Each structure stands twice: as C-alpha cells, then as structure tokens.
>>> print(open('final-v8.pdb').read())   # PDB, C-alpha atoms
ATOM      1  CA  MET A   1      -0.827  19.911 218.027
ATOM      2  CA  VAL A   2      -0.741  19.012 214.351
ATOM      3  CA  TYR A   3       2.068  19.823 211.935
ATOM      4  CA  LEU A   4       1.387  20.538 208.310
ATOM      5  CA  THR A   5       4.003  20.842 205.576
ATOM      6  CA  ARG A   6       3.687  22.431 202.195
ATOM      7  CA  LYS A   7       6.338  22.148 199.492
ATOM      8  CA  ALA A   8       7.280  24.493 196.695
ATOM      9  CA  GLU A   9      10.117  24.705 194.224
ATOM     10  CA  PHE A  10      12.056  27.619 192.891
ATOM     11  CA  SER A  11      15.129  28.042 190.739
ATOM     12  CA  ALA A  12      17.627  30.779 191.319
ATOM     13  CA  SER A  13      21.257  31.689 190.932
ATOM     14  CA  HIS A  14      23.731  32.965 193.485
ATOM     15  CA  TYR A  15      27.390  33.211 194.376
ATOM     16  CA  TYR A  16      29.253  33.393 197.661
ATOM     17  CA  HIS A  17      31.499  36.345 198.285
ATOM     18  CA  ASN A  18      32.370  38.482 201.282
ATOM     19  CA  PRO A  19      33.891  41.860 200.315
ATOM     20  CA  ALA A  20      35.631  41.917 203.715
ATOM     21  CA  PHE A  21      37.769  38.928 202.654
ATOM     22  CA  SER A  22      40.659  39.022 200.192
ATOM     23  CA  PRO A  23      40.102  37.339 196.788
ATOM     24  CA  GLU A  24      42.299  34.448 197.970
ATOM     25  CA  GLU A  25      40.296  34.010 201.171
ATOM     26  CA  ASN A  26      37.015  34.113 199.263
ATOM     27  CA  LEU A  27      38.254  31.439 196.908
ATOM     28  CA  ARG A  28      39.636  29.299 199.716
ATOM     29  CA  ILE A  29      36.464  29.450 201.818
ATOM     30  CA  PHE A  30      33.820  29.382 199.109
ATOM     31  CA  GLY A  31      35.611  27.441 196.349
ATOM     32  CA  LYS A  32      33.601  27.065 193.151
ATOM     33  CA  CYS A  33      30.687  28.960 194.725
ATOM     34  CA  ASN A  34      32.802  32.133 194.578
ATOM     35  CA  ASN A  35      32.486  32.465 190.764
ATOM     36  CA  PRO A  36      31.133  36.054 190.443
ATOM     37  CA  ASN A  37      28.983  35.187 187.447
ATOM     38  CA  GLY A  38      26.906  32.978 189.706
ATOM     39  CA  HIS A  39      25.549  29.475 189.333
ATOM     40  CA  GLY A  40      22.097  28.029 189.853
ATOM     41  CA  HIS A  41      20.078  25.503 191.792
ATOM     42  CA  ASN A  42      16.596  24.072 191.819
ATOM     43  CA  TYR A  43      15.627  24.724 195.401
ATOM     44  CA  THR A  44      12.887  22.846 197.200
ATOM     45  CA  LEU A  45      11.213  24.675 200.035
ATOM     46  CA  GLU A  46       9.267  22.899 202.778
ATOM     47  CA  VAL A  47       7.287  25.083 205.134
ATOM     48  CA  THR A  48       5.926  23.398 208.259
ATOM     49  CA  VAL A  49       3.277  25.122 210.338
ATOM     50  CA  LYS A  50       1.709  23.923 213.555
ATOM     51  CA  GLY A  51      -1.562  24.482 215.314
ATOM     52  CA  GLU A  52      -4.663  22.888 216.709
ATOM     53  CA  VAL A  53      -7.221  21.464 214.317
ATOM     54  CA  ASP A  54     -10.117  23.887 214.034
ATOM     55  CA  PRO A  55     -13.204  21.900 215.132
ATOM     56  CA  ARG A  56     -15.429  23.498 212.508
ATOM     57  CA  SER A  57     -13.226  23.334 209.422
ATOM     58  CA  GLY A  58     -11.004  20.390 210.387
ATOM     59  CA  PHE A  59      -8.025  22.453 209.223
ATOM     60  CA  VAL A  60      -4.836  23.465 211.017
ATOM     61  CA  VAL A  61      -4.391  26.259 208.555
ATOM     62  CA  ASP A  62      -6.088  27.578 205.485
ATOM     63  CA  LEU A  63      -3.885  25.894 202.858
ATOM     64  CA  LYS A  64      -4.956  28.382 200.253
ATOM     65  CA  GLN A  65      -3.721  31.225 202.402
ATOM     66  CA  LEU A  66      -0.439  29.409 203.131
ATOM     67  CA  LYS A  67       0.077  28.763 199.431
ATOM     68  CA  GLU A  68      -0.667  32.394 198.570
ATOM     69  CA  VAL A  69       1.727  33.706 201.210
ATOM     70  CA  MET A  70       4.478  31.311 200.068
ATOM     71  CA  HIS A  71       3.975  32.419 196.468
ATOM     72  CA  ARG A  72       3.825  36.121 197.237
ATOM     73  CA  GLU A  73       6.612  36.305 199.814
ATOM     74  CA  VAL A  74       9.024  33.697 198.511
ATOM     75  CA  LEU A  75       8.457  32.484 194.973
ATOM     76  CA  ASP A  76       7.611  35.862 193.435
ATOM     77  CA  ALA A  77      10.738  37.296 195.045
ATOM     78  CA  MET A  78      13.193  34.445 194.487
ATOM     79  CA  ASP A  79      12.093  32.230 191.597
ATOM     80  CA  HIS A  80      14.202  32.765 188.473
ATOM     81  CA  ARG A  81      16.215  35.513 190.187
ATOM     82  CA  PHE A  82      19.867  36.194 190.844
ATOM     83  CA  LEU A  83      19.624  36.223 194.635
ATOM     84  CA  ASN A  84      22.659  38.443 195.280
ATOM     85  CA  LYS A  85      21.359  41.164 192.990
ATOM     86  CA  GLU A  86      17.607  40.958 193.139
ATOM     87  CA  VAL A  87      16.614  40.008 196.693
ATOM     88  CA  PRO A  88      17.135  42.857 199.196
ATOM     89  CA  GLU A  89      18.191  40.586 202.095
ATOM     90  CA  PHE A  90      21.185  39.460 200.071
ATOM     91  CA  ALA A  91      22.510  42.890 199.164
ATOM     92  CA  HIS A  92      24.677  42.729 202.288
ATOM     93  CA  GLN A  93      24.403  39.090 203.267
ATOM     94  CA  ILE A  94      25.691  36.013 201.469
ATOM     95  CA  PRO A  95      22.805  33.937 200.017
ATOM     96  CA  THR A  96      23.927  30.645 201.510
ATOM     97  CA  THR A  97      21.244  28.021 202.049
ATOM     98  CA  GLU A  98      21.407  28.897 205.763
ATOM     99  CA  ASN A  99      20.675  32.572 205.104
ATOM    100  CA  ILE A 100      17.993  31.754 202.525
ATOM    101  CA  ALA A 101      16.171  29.619 205.131
ATOM    102  CA  ILE A 102      16.389  32.448 207.691
ATOM    103  CA  ALA A 103      15.198  35.053 205.165
ATOM    104  CA  ILE A 104      12.235  32.861 204.196
ATOM    105  CA  TRP A 105      11.340  32.340 207.868
ATOM    106  CA  GLN A 106      11.387  36.101 208.439
ATOM    107  CA  ARG A 107       9.293  36.777 205.371
ATOM    108  CA  LEU A 108       6.669  34.155 206.274
ATOM    109  CA  SER A 109       6.430  34.558 210.030
ATOM    110  CA  GLN A 110       5.091  38.097 209.723
ATOM    111  CA  LYS A 111       2.430  37.151 207.197
ATOM    112  CA  LEU A 112       0.861  33.930 208.441
ATOM    113  CA  GLU A 113      -2.465  34.469 210.149
ATOM    114  CA  ARG A 114      -3.728  31.466 212.079
ATOM    115  CA  ALA A 115      -0.888  28.975 211.877
ATOM    116  CA  ARG A 116       2.406  29.245 213.698
ATOM    117  CA  LEU A 117       5.536  28.637 211.728
ATOM    118  CA  HIS A 118       7.441  25.569 212.980
ATOM    119  CA  ARG A 119      10.199  24.928 210.483
ATOM    120  CA  VAL A 120      11.559  26.185 207.205
ATOM    121  CA  ARG A 121      13.547  23.575 205.278
ATOM    122  CA  VAL A 122      15.406  24.540 202.120
ATOM    123  CA  TYR A 123      16.979  21.902 199.886
ATOM    124  CA  GLU A 124      19.725  23.296 197.695
ATOM    125  CA  THR A 125      20.134  19.840 196.140
ATOM    126  CA  PRO A 126      18.512  16.548 197.165
ATOM    127  CA  ASP A 127      21.666  15.842 199.226
ATOM    128  CA  LEU A 128      21.998  19.163 201.044
ATOM    129  CA  PHE A 129      19.403  20.961 203.106
ATOM    130  CA  VAL A 130      19.065  23.424 205.951
ATOM    131  CA  ASP A 131      16.434  23.549 208.696
ATOM    132  CA  PHE A 132      15.636  26.745 210.569
ATOM    133  CA  TYR A 133      13.331  26.706 213.587
ATOM    134  CA  GLY A 134      13.456  30.443 214.352
ATOM    135  CA  GLU A 135      16.061  29.904 217.056
ATOM    136  CA  ALA A 136      18.212  32.904 217.955
TER     137      ALA A 136
ATOM    138  CA  MET B 137      20.763  32.593 214.372
ATOM    139  CA  LYS B 138      20.999  28.855 214.824
ATOM    140  CA  ALA B 139      20.434  26.641 211.792
ATOM    141  CA  HIS B 140      20.590  22.914 211.151
ATOM    142  CA  LEU B 141      22.459  21.666 208.100
ATOM    143  CA  SER B 142      22.020  18.197 206.649
ATOM    144  CA  ARG B 143      24.084  16.443 204.066
ATOM    145  CA  ARG B 144      23.484  13.052 202.452
ATOM    146  CA  TYR B 145      26.151  10.542 201.384
ATOM    147  CA  LEU B 146      25.962   7.151 199.705
ATOM    148  CA  PHE B 147      27.871   3.942 200.261
ATOM    149  CA  SER B 148      27.328   0.295 199.464
ATOM    150  CA  ALA B 149      28.162  -2.569 201.793
ATOM    151  CA  SER B 150      27.145  -6.107 202.620
ATOM    152  CA  HIS B 151      26.129  -7.737 205.869
ATOM    153  CA  ARG B 152      24.547 -10.755 207.426
ATOM    154  CA  LEU B 153      22.296 -10.514 210.454
ATOM    155  CA  HIS B 154      23.171 -13.360 212.754
ATOM    156  CA  SER B 155      23.635 -13.523 216.505
ATOM    157  CA  GLU B 156      25.865 -16.109 218.162
ATOM    158  CA  ALA B 157      23.695 -15.775 221.244
ATOM    159  CA  MET B 158      20.761 -17.410 219.493
ATOM    160  CA  SER B 159      20.106 -20.821 217.977
ATOM    161  CA  GLU B 160      19.971 -21.347 214.199
ATOM    162  CA  GLU B 161      16.184 -21.522 214.388
ATOM    163  CA  GLU B 162      15.923 -18.320 216.401
ATOM    164  CA  ASN B 163      18.268 -16.491 214.042
ATOM    165  CA  GLN B 164      16.217 -17.699 211.114
ATOM    166  CA  SER B 165      12.936 -16.724 212.691
ATOM    167  CA  ILE B 166      14.113 -13.251 213.799
ATOM    168  CA  TYR B 167      16.258 -12.180 210.864
ATOM    169  CA  GLY B 168      14.556 -14.135 208.056
ATOM    170  CA  LYS B 169      16.167 -13.480 204.673
ATOM    171  CA  CYS B 170      18.799 -11.283 206.321
ATOM    172  CA  ASN B 171      20.198 -14.401 208.012
ATOM    173  CA  ASN B 172      21.349 -15.911 204.688
ATOM    174  CA  PRO B 173      24.886 -17.169 205.534
ATOM    175  CA  TYR B 174      26.392 -15.681 202.385
ATOM    176  CA  GLY B 175      25.234 -12.175 203.272
ATOM    177  CA  HIS B 176      23.582  -9.593 201.055
ATOM    178  CA  GLY B 177      24.141  -5.917 200.268
ATOM    179  CA  HIS B 178      22.518  -2.506 200.384
ATOM    180  CA  ASN B 179      23.030   0.941 199.004
ATOM    181  CA  TYR B 180      23.021   2.933 202.219
ATOM    182  CA  THR B 181      22.313   6.645 202.415
ATOM    183  CA  VAL B 182      23.674   8.393 205.470
ATOM    184  CA  GLU B 183      22.227  11.773 206.362
ATOM    185  CA  VAL B 184      24.311  13.802 208.823
ATOM    186  CA  THR B 185      22.701  16.792 210.558
ATOM    187  CA  VAL B 186      24.867  19.377 212.307
ATOM    188  CA  SER B 187      23.846  22.654 213.890
ATOM    189  CA  GLY B 188      25.331  25.898 215.055
ATOM    190  CA  PRO B 189      25.133  29.647 214.698
ATOM    191  CA  VAL B 190      25.258  30.936 211.128
ATOM    192  CA  ASP B 191      28.613  32.707 210.910
ATOM    193  CA  GLU B 192      28.015  36.362 210.087
ATOM    194  CA  ALA B 193      31.006  36.715 207.810
ATOM    195  CA  THR B 194      30.527  33.546 205.767
ATOM    196  CA  GLY B 195      26.799  32.842 206.098
ATOM    197  CA  ILE B 196      27.449  29.185 206.833
ATOM    198  CA  VAL B 197      27.086  26.822 209.802
ATOM    199  CA  CYS B 198      30.139  24.811 208.901
ATOM    200  CA  ASN B 199      32.418  24.408 205.956
ATOM    201  CA  LEU B 200      30.975  21.682 203.741
ATOM    202  CA  THR B 201      34.399  20.795 202.409
ATOM    203  CA  ASP B 202      35.482  19.939 205.966
ATOM    204  CA  LEU B 203      32.349  17.890 206.624
ATOM    205  CA  ASP B 204      32.590  16.107 203.254
ATOM    206  CA  GLY B 205      36.287  15.381 203.793
ATOM    207  CA  PHE B 206      35.667  13.997 207.268
ATOM    208  CA  ILE B 207      32.761  11.786 206.233
ATOM    209  CA  GLU B 208      34.603  10.505 203.182
ATOM    210  CA  ARG B 209      37.710   9.673 205.190
ATOM    211  CA  GLU B 210      36.153   8.310 208.368
ATOM    212  CA  VAL B 211      32.836   6.845 207.252
ATOM    213  CA  LEU B 212      32.682   6.179 203.506
ATOM    214  CA  ALA B 213      36.238   4.844 203.230
ATOM    215  CA  ARG B 214      35.619   2.659 206.279
ATOM    216  CA  TYR B 215      32.281   1.138 205.283
ATOM    217  CA  GLY B 216      32.043   1.571 201.495
ATOM    218  CA  HIS B 217      32.331  -1.753 199.609
ATOM    219  CA  GLU B 218      33.041  -3.703 202.774
ATOM    220  CA  ASN B 219      31.461  -6.741 204.339
ATOM    221  CA  LEU B 220      30.359  -5.181 207.637
ATOM    222  CA  ASN B 221      30.579  -8.490 209.517
ATOM    223  CA  THR B 222      34.342  -8.551 208.933
ATOM    224  CA  LEU B 223      34.934  -5.211 210.702
ATOM    225  CA  LYS B 224      36.047  -5.167 214.316
ATOM    226  CA  GLU B 225      33.083  -3.151 215.600
ATOM    227  CA  PHE B 226      30.812  -5.924 214.371
ATOM    228  CA  ASN B 227      32.899  -8.710 215.738
ATOM    229  CA  LYS B 228      30.421  -9.223 218.553
ATOM    230  CA  GLU B 229      27.630  -6.881 217.575
ATOM    231  CA  VAL B 230      25.169  -7.689 214.812
ATOM    232  CA  PRO B 231      25.612  -5.194 211.928
ATOM    233  CA  THR B 232      21.976  -4.144 211.854
ATOM    234  CA  THR B 233      21.360  -0.715 210.436
ATOM    235  CA  GLU B 234      20.510   0.427 213.967
ATOM    236  CA  ASN B 235      23.983  -0.549 215.178
ATOM    237  CA  LEU B 236      25.669   0.871 212.093
ATOM    238  CA  CYS B 237      23.812   4.159 212.586
ATOM    239  CA  ILE B 238      25.074   4.339 216.198
ATOM    240  CA  GLN B 239      28.642   3.564 215.067
ATOM    241  CA  ILE B 240      28.555   6.352 212.487
ATOM    242  CA  TYR B 241      27.123   8.775 215.056
ATOM    243  CA  GLU B 242      29.958   7.905 217.466
ATOM    244  CA  ILE B 243      32.606   8.401 214.754
ATOM    245  CA  VAL B 244      31.283  11.845 213.841
ATOM    246  CA  GLN B 245      30.714  12.815 217.488
ATOM    247  CA  ARG B 246      34.292  11.865 218.408
ATOM    248  CA  GLY B 247      36.104  13.326 215.417
ATOM    249  CA  PHE B 248      34.192  16.221 213.886
ATOM    250  CA  HIS B 249      34.235  19.370 215.960
ATOM    251  CA  GLN B 250      33.466  22.188 213.509
ATOM    252  CA  ALA B 251      29.741  22.054 214.359
ATOM    253  CA  HIS B 252      27.439  20.353 216.840
ATOM    254  CA  LEU B 253      26.256  16.911 215.726
ATOM    255  CA  GLU B 254      22.470  16.720 216.009
ATOM    256  CA  ARG B 255      21.633  13.447 214.366
ATOM    257  CA  VAL B 256      22.662  10.656 212.048
ATOM    258  CA  ARG B 257      19.975   9.128 209.904
ATOM    259  CA  LEU B 258      20.753   5.998 207.935
ATOM    260  CA  GLU B 259      18.593   4.696 205.107
ATOM    261  CA  GLU B 260      19.050   1.015 204.392
ATOM    262  CA  THR B 261      16.575   1.037 201.520
ATOM    263  CA  MET B 262      14.065   3.593 200.294
ATOM    264  CA  MET B 263      11.593   2.045 202.707
ATOM    265  CA  ASN B 264      13.702   1.731 205.904
ATOM    266  CA  SER B 265      15.596   4.337 207.810
ATOM    267  CA  PHE B 266      17.031   4.645 211.313
ATOM    268  CA  GLU B 267      17.988   7.691 213.348
ATOM    269  CA  TYR B 268      20.271   8.219 216.293
ATOM    270  CA  SER B 269      20.731  11.470 218.203
ATOM    271  CA  GLY B 270      22.954  10.218 220.997
ATOM    272  CA  ASN B 271      21.390  10.052 224.389
ATOM    273  CA  SER B 272      19.701  13.401 224.010
ATOM    274  CA  GLU B 273      16.134  14.018 222.887
ATOM    275  CA  PRO B 274      15.708  13.324 219.176
ATOM    276  CA  LEU B 275      15.503  16.186 216.745
ATOM    277  CA  ARG B 276      11.981  17.258 215.865
TER     278      ARG B 276
END
>>> encode(input="final-v8.pdb", output="structure tokens")
Amino acid sequence: MVYLTRKAEFSASHYYHNPAFSPEENLRIFGKCNNPNGHGHNYTLEVTVKGEVDPRSGFVVDLKQLKEVMHREVLDAMDHRFLNKEVPEFAHQIPTTENIAIAIWQRLSQKLERARLHRVRVYETPDLFVDFYGEA
Amino acid sequence: MKAHLSRRYLFSASHRLHSEAMSEEENQSIYGKCNNPYGHGHNYTVEVTVSGPVDEATGIVCNLTDLDGFIEREVLARYGHENLNTLKEFNKEVPTTENLCIQIYEIVQRGFHQAHLERVRLEETMMNSFEYSGNSEPLR
C-alpha cells in the first residue's frame, strides 16, 4: 500500500452561528467567529489517497485526475466564497474546519476512480488543522 | 462523524542532556553538543491532536478556547522560559525531547477531558520531532 498526498490552497470566509442558540450563547461558544459579517482564512487542503502501485504506469493514482477532481469539487466551489452563503452543505451546517473536512471527504469520495481516499486534512491556519478519515 | 483536531503551540526553554548514570566520557560521546554543562535552548512547537464526534449543534470536536486555556496554563506556563533540568520531573530523568513529549502527553491525558487525546507531537527544531500516543497504536 502506498499513500499519496496532494495539496491545494483556497481562501474563503465564514462565520459560526447556530440559529437554535440564543445570541448570548452563540457569542459565548463561538466568540469572535460569531461576527455575522464573516471573516476569512487561507485554507490549505491535503488529500491523501492510498492504493497499490500499478505495475504498468508506476502510479498509485492518476495525479491529473486527482488534481482535476480536487479543483472541480472543492476549489471551484469554495475558493473565494462565503462558505455559509455559497456552499450548499453549509446552508444548515456550521462551516467549522471539522465540517469543511467532512464535506470535502464526501465530495471527493464519490468522484475518485482508482484511488481510495485515506485522509482529508484541512489547515485553517498553520497552527490549526483537522483530519478526517471517513470514520462514522 | 469522528474528526481529529490538531493545534500547535510554541514555547522556548533550555536544557542540558546529561545522565548521572554514565561517565563524563559516555555523556560526551552520546549527547555531544547537547552535553554542554551550561545548557542550550530551543524554540519548541507542541502539536496536540484530540479526537471525537463532531457535535451536531456546534460543528466542533472540542472548544478551542478550553484547549488553548488548558495548554497555556498547564504546559506553556510550566515549560515556557524555564531551564527544564531544574524542574522536578527532570530531577532524575534526562530532559530529552522524547521525555518532554511524554510528560506533556501525560499532563494533557490527566487533565483535559473535553475530547480524547490522540497524540502529542513535539518539534525541537524544524528538523527534529517526536511523537507519543500513549501505549496505544500510533496515529496514522
């Protein structure tokens, strides 16, 4: 088994708010991230796929295909967007880094052909990141 | 849905690697420059990974303010700008980054209960890092 990781960057804005909570609760739980006008990050995405090395091509995965799928499914949808307002998953779900990683996993896992998705890592800043392994 | 969350923190400290159980020559040959009797310092980066179900109402694994507060109080305040050899946990143990990593893991494991501790990773320099996941299998 060989693991291959591809990185990409995207910039987006978001804010954290749960309409089921009172304004005070939202502010207490989410702090500065509750500002309804949003704020932004430069996210770094690392997608790790796994598979056996194809004896003919020497590849685990067609990198071009992986890059295209990452661009189409993630970057086109999320780069330079306001996640709460422009990405359907976040119409009813808070776009925390945790939920962004899960949404990216779900978007990619349906579209990858040969390789199996192993891990989605999303850095919100260089000092904060989330890993999702598709675990329930 | 279970997710892993990692957060990085910085602190600076000094240490000297020297074992009373070994002769001067052995200490010198094993620890090299790190055996300098006056000690030397590093900017350490500690990366703490916790895991748990993503809460449906908040979308988070654990409140970062709680994690930050705990690490600042229990780890950064304890080790930041200290000479590690003077601390009681390194009275008998050599303050290698391996041992420091285990100490930090034990502190978080004992005191932080808002999420499951998966791993502590400690970078001594950009080129060296150490990981400890308790006695369980290491994280992938």
>>> residues_around(input="final-v8.pdb", residues="segment 48-60 of chain A", least_positions_apart="2", cutoff="10 Å", atoms="all atoms listed in the file", output="compact mmCIF listing (two decimals) with C-alpha atoms, in the frame of the given file")
# COMPACT_ATOMS: atom_id res chain seq x y z
CA MET A 1 -0.83 19.91 218.03
CA VAL A 2 -0.74 19.01 214.35
CA TYR A 3 2.07 19.82 211.94
CA LEU A 4 1.39 20.54 208.31
CA THR A 5 4.00 20.84 205.58
CA ARG A 6 3.69 22.43 202.20
CA LYS A 7 6.34 22.15 199.49
CA LEU A 45 11.21 24.68 200.04
CA GLU A 46 9.27 22.90 202.78
CA ASP A 62 -6.09 27.58 205.48
CA LEU A 63 -3.88 25.89 202.86
CA LEU A 66 -0.44 29.41 203.13
CA SER A 109 6.43 34.56 210.03
CA LEU A 112 0.86 33.93 208.44
CA ARG A 114 -3.73 31.47 212.08
CA ALA A 115 -0.89 28.98 211.88
CA ARG A 116 2.41 29.24 213.70
CA LEU A 117 5.54 28.64 211.73
CA HIS A 118 7.44 25.57 212.98
CA ARG A 119 10.20 24.93 210.48
CA VAL A 120 11.56 26.18 207.20
CA ARG A 121 13.55 23.58 205.28
CA TYR A 133 13.33 26.71 213.59
>>> resolve_selection(input="final-v8.pdb", expression="the PyMOL selection byres ((chain A) within 7 of (chain B))", output="list of chain:residue names")
A:Asn18, A:Ile94, A:Thr96, A:Glu98, A:Asn99, A:Asp127, A:Leu128, A:Phe129, A:Val130, A:Asp131, A:Phe132, A:Glu135, A:Ala136
>>> residues_around(input="final-v8.pdb", residues="Asn221 of chain B", least_positions_apart="4", cutoff="12 Å", atoms="all atoms listed in the file", output="CSV table (one decimal) with C-alpha atoms, in the frame of the given file")
chain,number,residue,atom,x,y,z
B,149,ALA,CA,28.2,-2.6,201.8
B,150,SER,CA,27.1,-6.1,202.6
B,151,HIS,CA,26.1,-7.7,205.9
B,152,ARG,CA,24.5,-10.8,207.4
B,153,LEU,CA,22.3,-10.5,210.5
B,154,HIS,CA,23.2,-13.4,212.8
B,155,SER,CA,23.6,-13.5,216.5
B,173,PRO,CA,24.9,-17.2,205.5
B,174,TYR,CA,26.4,-15.7,202.4
B,175,GLY,CA,25.2,-12.2,203.3
B,176,HIS,CA,23.6,-9.6,201.1
B,177,GLY,CA,24.1,-5.9,200.3
B,215,TYR,CA,32.3,1.1,205.3
B,225,GLU,CA,33.1,-3.2,215.6
B,226,PHE,CA,30.8,-5.9,214.4
B,227,ASN,CA,32.9,-8.7,215.7
B,228,LYS,CA,30.4,-9.2,218.6
B,229,GLU,CA,27.6,-6.9,217.6
B,230,VAL,CA,25.2,-7.7,214.8
B,231,PRO,CA,25.6,-5.2,211.9
B,232,THR,CA,22.0,-4.1,211.9
B,235,ASN,CA,24.0,-0.5,215.2
B,236,LEU,CA,25.7,0.9,212.1
>>> closest_residue(input="final-v8.pdb", among="A:Asp79, A:Glu73, A:Glu113, A:Glu86", to="Val61 of chain A", atoms="only C-alpha atoms")
A:Glu113
>>> closest_residue(input="final-v8.pdb", among="A:Pro95, A:Ile29, A:Pro19, A:Glu24", to="Arg81 of chain A", atoms="all atoms listed in the file")
A:Pro95
>>> atom_distance(input="final-v8.pdb", atom1="atom CA of His217 of chain B", atom2="atom CA of Gln164 of chain B")
25.4 Å
>>> atom_distance(input="final-v8.pdb", atom1="atom CA of Glu89 of chain A", atom2="atom CA of Ala101 of chain A")
11.6 Å
>>> residues_around(input="final-v8.pdb", residues="Ala77 of chain A", least_positions_apart="4", cutoff="12 Å", atoms="only C-alpha atoms", output="compact mmCIF listing (two decimals) with C-alpha atoms, in the coordinates of the input")
# COMPACT_ATOMS: atom_id res chain seq x y z
CA PHE A 10 12.06 27.62 192.89
CA SER A 11 15.13 28.04 190.74
CA ALA A 12 17.63 30.78 191.32
CA VAL A 69 1.73 33.71 201.21
CA MET A 70 4.48 31.31 200.07
CA HIS A 71 3.98 32.42 196.47
CA ARG A 72 3.82 36.12 197.24
CA GLU A 73 6.61 36.30 199.81
CA ARG A 81 16.22 35.51 190.19
CA PHE A 82 19.87 36.19 190.84
CA LEU A 83 19.62 36.22 194.64
CA ASN A 84 22.66 38.44 195.28
CA LYS A 85 21.36 41.16 192.99
CA GLU A 86 17.61 40.96 193.14
CA VAL A 87 16.61 40.01 196.69
CA PRO A 88 17.14 42.86 199.20
CA GLU A 89 18.19 40.59 202.10
CA PHE A 90 21.18 39.46 200.07
CA ILE A 100 17.99 31.75 202.52
CA ALA A 103 15.20 35.05 205.16
CA ILE A 104 12.24 32.86 204.20
CA ARG A 107 9.29 36.78 205.37
>>> atom_distance(input="final-v8.pdb", atom1="atom CA of Gly38 of chain A", atom2="atom CA of Lys67 of chain A")
28.8 Å
>>> axis_aligned_box(input="final-v8.pdb", around="segment 165-180 of chain B", padding_each_side="8 Å", output="JSON")
{"center_x": 19.7, "center_y": -7.1, "center_z": 206.4, "size_x": 29.5, "size_y": 36.1, "size_z": 30.8}
>>> residues_around(input="final-v8.pdb", residues="Asn271 of chain B", least_positions_apart="3", cutoff="12 Å", atoms="all atoms listed in the file", output="PDB file with C-alpha atoms, in the frame of the given file")
ATOM      1  CA  ILE B 238      25.074   4.339 216.198  1.00  0.00           C
ATOM      2  CA  TYR B 241      27.123   8.775 215.056  1.00  0.00           C
ATOM      3  CA  GLU B 242      29.958   7.905 217.466  1.00  0.00           C
ATOM      4  CA  GLN B 245      30.714  12.815 217.488  1.00  0.00           C
ATOM      5  CA  GLU B 254      22.470  16.720 216.009  1.00  0.00           C
ATOM      6  CA  ARG B 255      21.633  13.447 214.366  1.00  0.00           C
ATOM      7  CA  GLU B 267      17.988   7.691 213.348  1.00  0.00           C
ATOM      8  CA  TYR B 268      20.271   8.219 216.293  1.00  0.00           C
ATOM      9  CA  PRO B 274      15.708  13.324 219.176  1.00  0.00           C
ATOM     10  CA  LEU B 275      15.503  16.186 216.745  1.00  0.00           C
TER      11      LEU B 275
END
>>> residues_around(input="final-v8.pdb", residues="Cys237 of chain B", least_positions_apart="3", cutoff="8 Å", atoms="all atoms listed in the file", output="NGL selection string")
:B and (233-234 or 240-241 or 256-258 or 266-268)
>>> build_atoms(input="final-v8.pdb", residues="segment 2-7 of chain A", atoms="all heavy atoms", output="mmCIF file, in the coordinates of the input")
data_model
loop_
_atom_site.group_PDB
_atom_site.id
_atom_site.type_symbol
_atom_site.label_atom_id
_atom_site.label_comp_id
_atom_site.auth_asym_id
_atom_site.auth_seq_id
_atom_site.Cartn_x
_atom_site.Cartn_y
_atom_site.Cartn_z
ATOM 1 N N VAL A 2 -0.942 19.694 215.636
ATOM 2 C CA VAL A 2 -0.741 19.012 214.351
ATOM 3 C C VAL A 2 0.206 19.845 213.497
ATOM 4 O O VAL A 2 0.148 21.081 213.534
ATOM 5 C CB VAL A 2 -2.098 18.810 213.627
ATOM 6 C CG1 VAL A 2 -1.893 18.218 212.248
ATOM 7 C CG2 VAL A 2 -3.002 17.901 214.444
ATOM 8 N N TYR A 3 1.089 19.145 212.797
ATOM 9 C CA TYR A 3 2.068 19.823 211.935
ATOM 10 C C TYR A 3 1.690 19.591 210.478
ATOM 11 O O TYR A 3 1.377 18.467 210.100
ATOM 12 C CB TYR A 3 3.478 19.254 212.180
ATOM 13 C CG TYR A 3 3.971 19.495 213.573
ATOM 14 C CD1 TYR A 3 3.548 18.686 214.630
ATOM 15 C CD2 TYR A 3 4.839 20.530 213.856
ATOM 16 C CE1 TYR A 3 3.981 18.914 215.915
ATOM 17 C CE2 TYR A 3 5.293 20.772 215.143
ATOM 18 C CZ TYR A 3 4.858 19.954 216.172
ATOM 19 O OH TYR A 3 5.290 20.187 217.445
ATOM 20 N N LEU A 4 1.737 20.644 209.721
ATOM 21 C CA LEU A 4 1.387 20.538 208.310
ATOM 22 C C LEU A 4 2.509 21.117 207.465
ATOM 23 O O LEU A 4 3.048 22.177 207.796
ATOM 24 C CB LEU A 4 0.089 21.312 208.093
ATOM 25 C CG LEU A 4 -0.479 21.289 206.683
ATOM 26 C CD1 LEU A 4 -1.996 21.265 206.763
ATOM 27 C CD2 LEU A 4 -0.017 22.480 205.878
ATOM 28 N N THR A 5 2.878 20.394 206.399
ATOM 29 C CA THR A 5 4.003 20.842 205.576
ATOM 30 C C THR A 5 3.561 21.047 204.138
ATOM 31 O O THR A 5 2.865 20.200 203.579
ATOM 32 C CB THR A 5 5.139 19.794 205.615
ATOM 33 O OG1 THR A 5 5.547 19.633 206.976
ATOM 34 C CG2 THR A 5 6.336 20.244 204.789
ATOM 35 N N ARG A 6 3.971 22.152 203.603
ATOM 36 C CA ARG A 6 3.687 22.431 202.195
ATOM 37 C C ARG A 6 5.009 22.629 201.452
ATOM 38 O O ARG A 6 5.905 23.298 201.965
ATOM 39 C CB ARG A 6 2.841 23.691 202.091
ATOM 40 C CG ARG A 6 2.550 24.054 200.688
ATOM 41 C CD ARG A 6 1.192 24.693 200.471
ATOM 42 N NE ARG A 6 0.891 24.584 199.075
ATOM 43 C CZ ARG A 6 -0.188 24.026 198.566
ATOM 44 N NH1 ARG A 6 -1.107 23.547 199.357
ATOM 45 N NH2 ARG A 6 -0.360 23.964 197.277
ATOM 46 N N LYS A 7 5.107 22.034 200.276
ATOM 47 C CA LYS A 7 6.338 22.148 199.492
ATOM 48 C C LYS A 7 6.171 23.097 198.323
ATOM 49 O O LYS A 7 5.067 23.235 197.794
ATOM 50 C CB LYS A 7 6.728 20.771 198.911
ATOM 51 C CG LYS A 7 7.328 19.841 199.929
ATOM 52 C CD LYS A 7 7.464 18.436 199.399
ATOM 53 C CE LYS A 7 8.640 18.310 198.455
ATOM 54 N NZ LYS A 7 9.118 16.899 198.400
#
